[in-house]
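Here's the structure we're looking at; comments come further down.
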Amino acid sequence: CSKTHLPGYVAKAAELKQQGISDIICVSVNDPFVMAAWAKDQGTVGKIRLLADPSAALAKALDLTVDIAPLGGIRSKRYSMVVEDGKITSLQVEPDGTGLSCSLADKIKL
């Protein structure tokens, strides 16, 4: 996430916003303190809003959970999602969970 996935969105934030994306939000199964530290480390201020999903409630509601024991159990799959007027209009879920095939910033489908 810190090597490829999130930095791509940070780098392309202005371009995505020019294409009509009003907000770029990164949700992770982590606590708010980890997300705040990650945002600071990755320089997301003014570009991407990082939100915590500590109990994986959103990931579960979207049926996008994956159990990865070495990382603490239930996590969220990597995905990109476009939401327009409260409706999901595009959802790209990583088939292998690596974050390298369809949910990178340059692969997002508007």
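Labeling convention for the structure tokens: chains A, B, ... as they appear, residues from 1 per chain, ligands from 1 in order of appearance.
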
- Task: From a DSSP pass on the backbone, collect the residues of region 25-59 of chain A flagged as helix (DSSP H, G or I) and hand them back as a ChimeraX atom specification.
- Result: /A:32-42,57-59

I'd like the neighbourhood of Met35 (chain A) as a tab-separated table (two decimals) with N, CA and C atoms, in the first residue's frame, where a residue qualifies if any of its atoms comes within 12 Å (using only C-alpha atoms), though same-chain residues fewer than 2 positions away should be ignored.
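Below you can see part.tsv, which holds the result:
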```tsv
chain	number	residue	atom	x	y	z
A	2	SER	N	1.85	1.30	0.85
A	2	SER	CA	2.69	2.50	0.96
A	2	SER	C	3.70	2.63	-0.17
A	25	ILE	N	-10.88	9.05	-1.46
A	25	ILE	CA	-10.91	8.54	-0.09
A	25	ILE	C	-10.27	7.16	-0.06
A	26	CYS	N	-9.38	6.97	0.89
A	26	CYS	CA	-8.75	5.68	1.10
A	26	CYS	C	-9.26	5.12	2.42
A	27	VAL	N	-9.87	3.95	2.36
A	27	VAL	CA	-10.40	3.30	3.57
A	27	VAL	C	-9.55	2.07	3.83
A	28	SER	N	-9.16	1.90	5.09
A	28	SER	CA	-8.34	0.75	5.46
A	28	SER	C	-8.81	0.17	6.78
A	29	VAL	N	-8.70	-1.15	6.91
A	29	VAL	CA	-9.03	-1.81	8.17
A	29	VAL	C	-7.86	-1.55	9.12
A	30	ASN	N	-7.95	-0.42	9.78
A	30	ASN	CA	-6.94	0.06	10.74
A	30	ASN	C	-7.63	0.99	11.72
A	31	ASP	N	-6.91	1.42	12.74
A	31	ASP	CA	-7.49	2.37	13.67
A	31	ASP	C	-7.19	3.80	13.19
A	32	PRO	N	-7.94	4.78	13.70
A	32	PRO	CA	-7.76	6.16	13.25
A	32	PRO	C	-6.36	6.72	13.49
A	33	PHE	N	-5.67	6.24	14.51
A	33	PHE	CA	-4.33	6.74	14.80
A	33	PHE	C	-3.33	6.28	13.75
A	37	ALA	N	-1.31	8.74	11.05
A	37	ALA	CA	0.14	8.66	10.88
A	37	ALA	C	0.49	8.34	9.43
A	38	TRP	N	-0.28	7.46	8.83
A	38	TRP	CA	-0.05	7.07	7.43
A	38	TRP	C	-0.28	8.26	6.50
A	39	ALA	N	-1.34	9.02	6.77
A	39	ALA	CA	-1.64	10.21	5.96
A	39	ALA	C	-0.49	11.20	6.03
A	40	LYS	N	0.02	11.42	7.22
A	40	LYS	CA	1.14	12.34	7.40
A	40	LYS	C	2.38	11.83	6.65
A	41	ASP	N	2.68	10.55	6.80
A	41	ASP	CA	3.84	9.95	6.16
A	41	ASP	C	3.76	10.01	4.64
A	42	GLN	N	2.56	9.84	4.10
A	42	GLN	CA	2.36	9.77	2.65
A	42	GLN	C	2.04	11.12	2.00
A	43	GLY	N	1.90	12.17	2.81
A	43	GLY	CA	1.63	13.50	2.27
A	43	GLY	C	0.29	13.61	1.56
A	44	THR	N	-0.75	13.08	2.19
A	44	THR	CA	-2.07	13.07	1.55
A	44	THR	C	-2.91	14.31	1.81
A	48	ILE	N	-5.96	13.42	-0.57
A	48	ILE	CA	-6.71	12.20	-0.30
A	48	ILE	C	-7.10	12.18	1.17
A	49	ARG	N	-8.32	11.78	1.45
A	49	ARG	CA	-8.78	11.64	2.83
A	49	ARG	C	-8.66	10.17	3.21
A	50	LEU	N	-7.97	9.89	4.31
A	50	LEU	CA	-7.82	8.52	4.79
A	50	LEU	C	-8.80	8.27	5.92
A	51	LEU	N	-9.57	7.20	5.80
A	51	LEU	CA	-10.58	6.84	6.79
A	51	LEU	C	-10.30	5.45	7.35
A	52	ALA	N	-10.52	5.32	8.65
A	52	ALA	CA	-10.33	4.04	9.33
A	52	ALA	C	-11.62	3.23	9.31
A	53	ASP	N	-11.47	1.94	9.11
A	53	ASP	CA	-12.57	0.98	9.20
A	53	ASP	C	-12.12	-0.08	10.22
A	54	PRO	N	-12.01	0.31	11.51
A	54	PRO	CA	-11.36	-0.54	12.51
A	54	PRO	C	-11.97	-1.93	12.70
```

- Could you jot down the CA of Arg75 (chain A) to CA of Leu58 (chain A) separation for me, Å, one decimal place? 10.6 Å

- strand (DSSP E) per DSSP on the backbone: members of chain A, as JSON, numbers by chain: {"A": [25, 26, 27, 28, 49, 50, 51, 52, 65, 66, 67, 68, 73, 74, 75, 76, 79, 80, 81, 82, 83, 84, 87, 88, 89, 90, 91, 92, 93]}

- Within 8 Å of Val66 (chain A), counting only C-alpha atoms, which residues qualify if same-chain residues fewer than 3 places away don't, as a ChimeraX atom specification? /A:73-77

- Item | Given only C-alpha atoms as the counted atoms, nearest of A:Ala61, A:Ala56, A:Pro7, A:Ile21 to Asp85 (chain A) | A:Ile21

- CA of Asp96 (chain A) to CA of Arg78 (chain A), distance in Å rounded to a single decimal: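 One can read the CA of Asp96 (chain A) to CA of Arg78 (chain A) distance as 9.0 Å.
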
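Pairwise distance (CA of Ala14 (chain A), CA of Gly46 (chain A)) equals 10.0 Å.
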
- Message: Using only C-alpha atoms, which protein or nucleic acid residues come within 8 Å of Ala13 (chain A)? Drop anything in the same chain fewer than 3 positions from it, and give the result as JSON, numbers by chain.
- Response: {"A": [9, 10, 16, 17, 24, 47, 48]}

Expected file contents, prior selection, all heavy atoms, as a JSON list (two decimals), in the first residue's frame:
```json
[["chain", "number", "residue", "atom", "x", "y", "z"],
["A", 9, "TYR", "N", -2.17, 7.34, -6.11],
["A", 9, "TYR", "CA", -3.32, 8.24, -5.96],
["A", 9, "TYR", "C", -2.86, 9.63, -5.52],
["A", 9, "TYR", "O", -3.42, 10.64, -5.95],
["A", 9, "TYR", "CB", -4.35, 7.66, -4.99],
["A", 9, "TYR", "CG", -5.18, 6.59, -5.62],
["A", 9, "TYR", "CD1", -4.81, 5.26, -5.54],
["A", 9, "TYR", "CD2", -6.32, 6.91, -6.36],
["A", 9, "TYR", "CE1", -5.56, 4.27, -6.16],
["A", 9, "TYR", "CE2", -7.07, 5.93, -6.98],
["A", 9, "TYR", "CZ", -6.69, 4.61, -6.88],
["A", 9, "TYR", "OH", -7.42, 3.62, -7.51],
["A", 10, "VAL", "N", -1.85, 9.70, -4.67],
["A", 10, "VAL", "CA", -1.31, 11.00, -4.26],
["A", 10, "VAL", "C", -0.77, 11.73, -5.48],
["A", 10, "VAL", "O", -1.05, 12.91, -5.71],
["A", 10, "VAL", "CB", -0.21, 10.83, -3.18],
["A", 10, "VAL", "CG1", 0.47, 12.16, -2.89],
["A", 10, "VAL", "CG2", -0.80, 10.25, -1.89],
["A", 16, "LEU", "N", -7.04, 13.33, -11.32],
["A", 16, "LEU", "CA", -8.34, 12.71, -11.08],
["A", 16, "LEU", "C", -9.40, 13.76, -10.77],
["A", 16, "LEU", "O", -10.54, 13.67, -11.24],
["A", 16, "LEU", "CB", -8.24, 11.69, -9.93],
["A", 16, "LEU", "CG", -7.47, 10.41, -10.25],
["A", 16, "LEU", "CD1", -7.20, 9.62, -8.98],
["A", 16, "LEU", "CD2", -8.23, 9.57, -11.26],
["A", 17, "LYS", "N", -9.03, 14.78, -10.02],
["A", 17, "LYS", "CA", -10.00, 15.84, -9.69],
["A", 17, "LYS", "C", -10.35, 16.64, -10.93],
["A", 17, "LYS", "O", -11.49, 17.07, -11.08],
["A", 17, "LYS", "CB", -9.46, 16.69, -8.55],
["A", 17, "LYS", "CG", -9.48, 15.91, -7.23],
["A", 17, "LYS", "CD", -8.99, 16.70, -6.05],
["A", 17, "LYS", "CE", -9.07, 15.82, -4.80],
["A", 17, "LYS", "NZ", -8.71, 16.53, -3.59],
["A", 24, "ILE", "N", -11.20, 11.94, -3.12],
["A", 24, "ILE", "CA", -10.49, 10.68, -3.18],
["A", 24, "ILE", "C", -10.34, 10.21, -1.74],
["A", 24, "ILE", "O", -9.79, 10.93, -0.91],
["A", 24, "ILE", "CB", -9.10, 10.83, -3.84],
["A", 24, "ILE", "CG1", -9.25, 11.42, -5.24],
["A", 24, "ILE", "CG2", -8.38, 9.48, -3.87],
["A", 24, "ILE", "CD1", -7.93, 11.86, -5.86],
["A", 47, "LYS", "N", -5.19, 16.18, -0.66],
["A", 47, "LYS", "CA", -5.27, 15.35, -1.85],
["A", 47, "LYS", "C", -6.21, 14.16, -1.64],
["A", 47, "LYS", "O", -7.10, 13.91, -2.45],
["A", 47, "LYS", "CB", -3.88, 14.83, -2.23],
["A", 47, "LYS", "CG", -2.91, 15.94, -2.56],
["A", 47, "LYS", "CD", -1.53, 15.38, -2.81],
["A", 47, "LYS", "CE", -0.55, 16.51, -3.07],
["A", 47, "LYS", "NZ", 0.81, 16.03, -3.22],
["A", 48, "ILE", "N", -5.96, 13.42, -0.57],
["A", 48, "ILE", "CA", -6.71, 12.20, -0.30],
["A", 48, "ILE", "C", -7.10, 12.18, 1.17],
["A", 48, "ILE", "O", -6.28, 12.49, 2.04],
["A", 48, "ILE", "CB", -5.86, 10.95, -0.61],
["A", 48, "ILE", "CG1", -5.44, 10.96, -2.07],
["A", 48, "ILE", "CG2", -6.62, 9.67, -0.28],
["A", 48, "ILE", "CD1", -4.44, 9.89, -2.43]]
```

- Task: For Tyr79 (chain A), list every protein, DNA or RNA residue within 7 Å, evaluated using only C-alpha atoms, and leave out those in the same chain fewer than 2 positions away; present the list as a PyMOL selection string.
- Result: chain A and resi 77+81+91-94+103
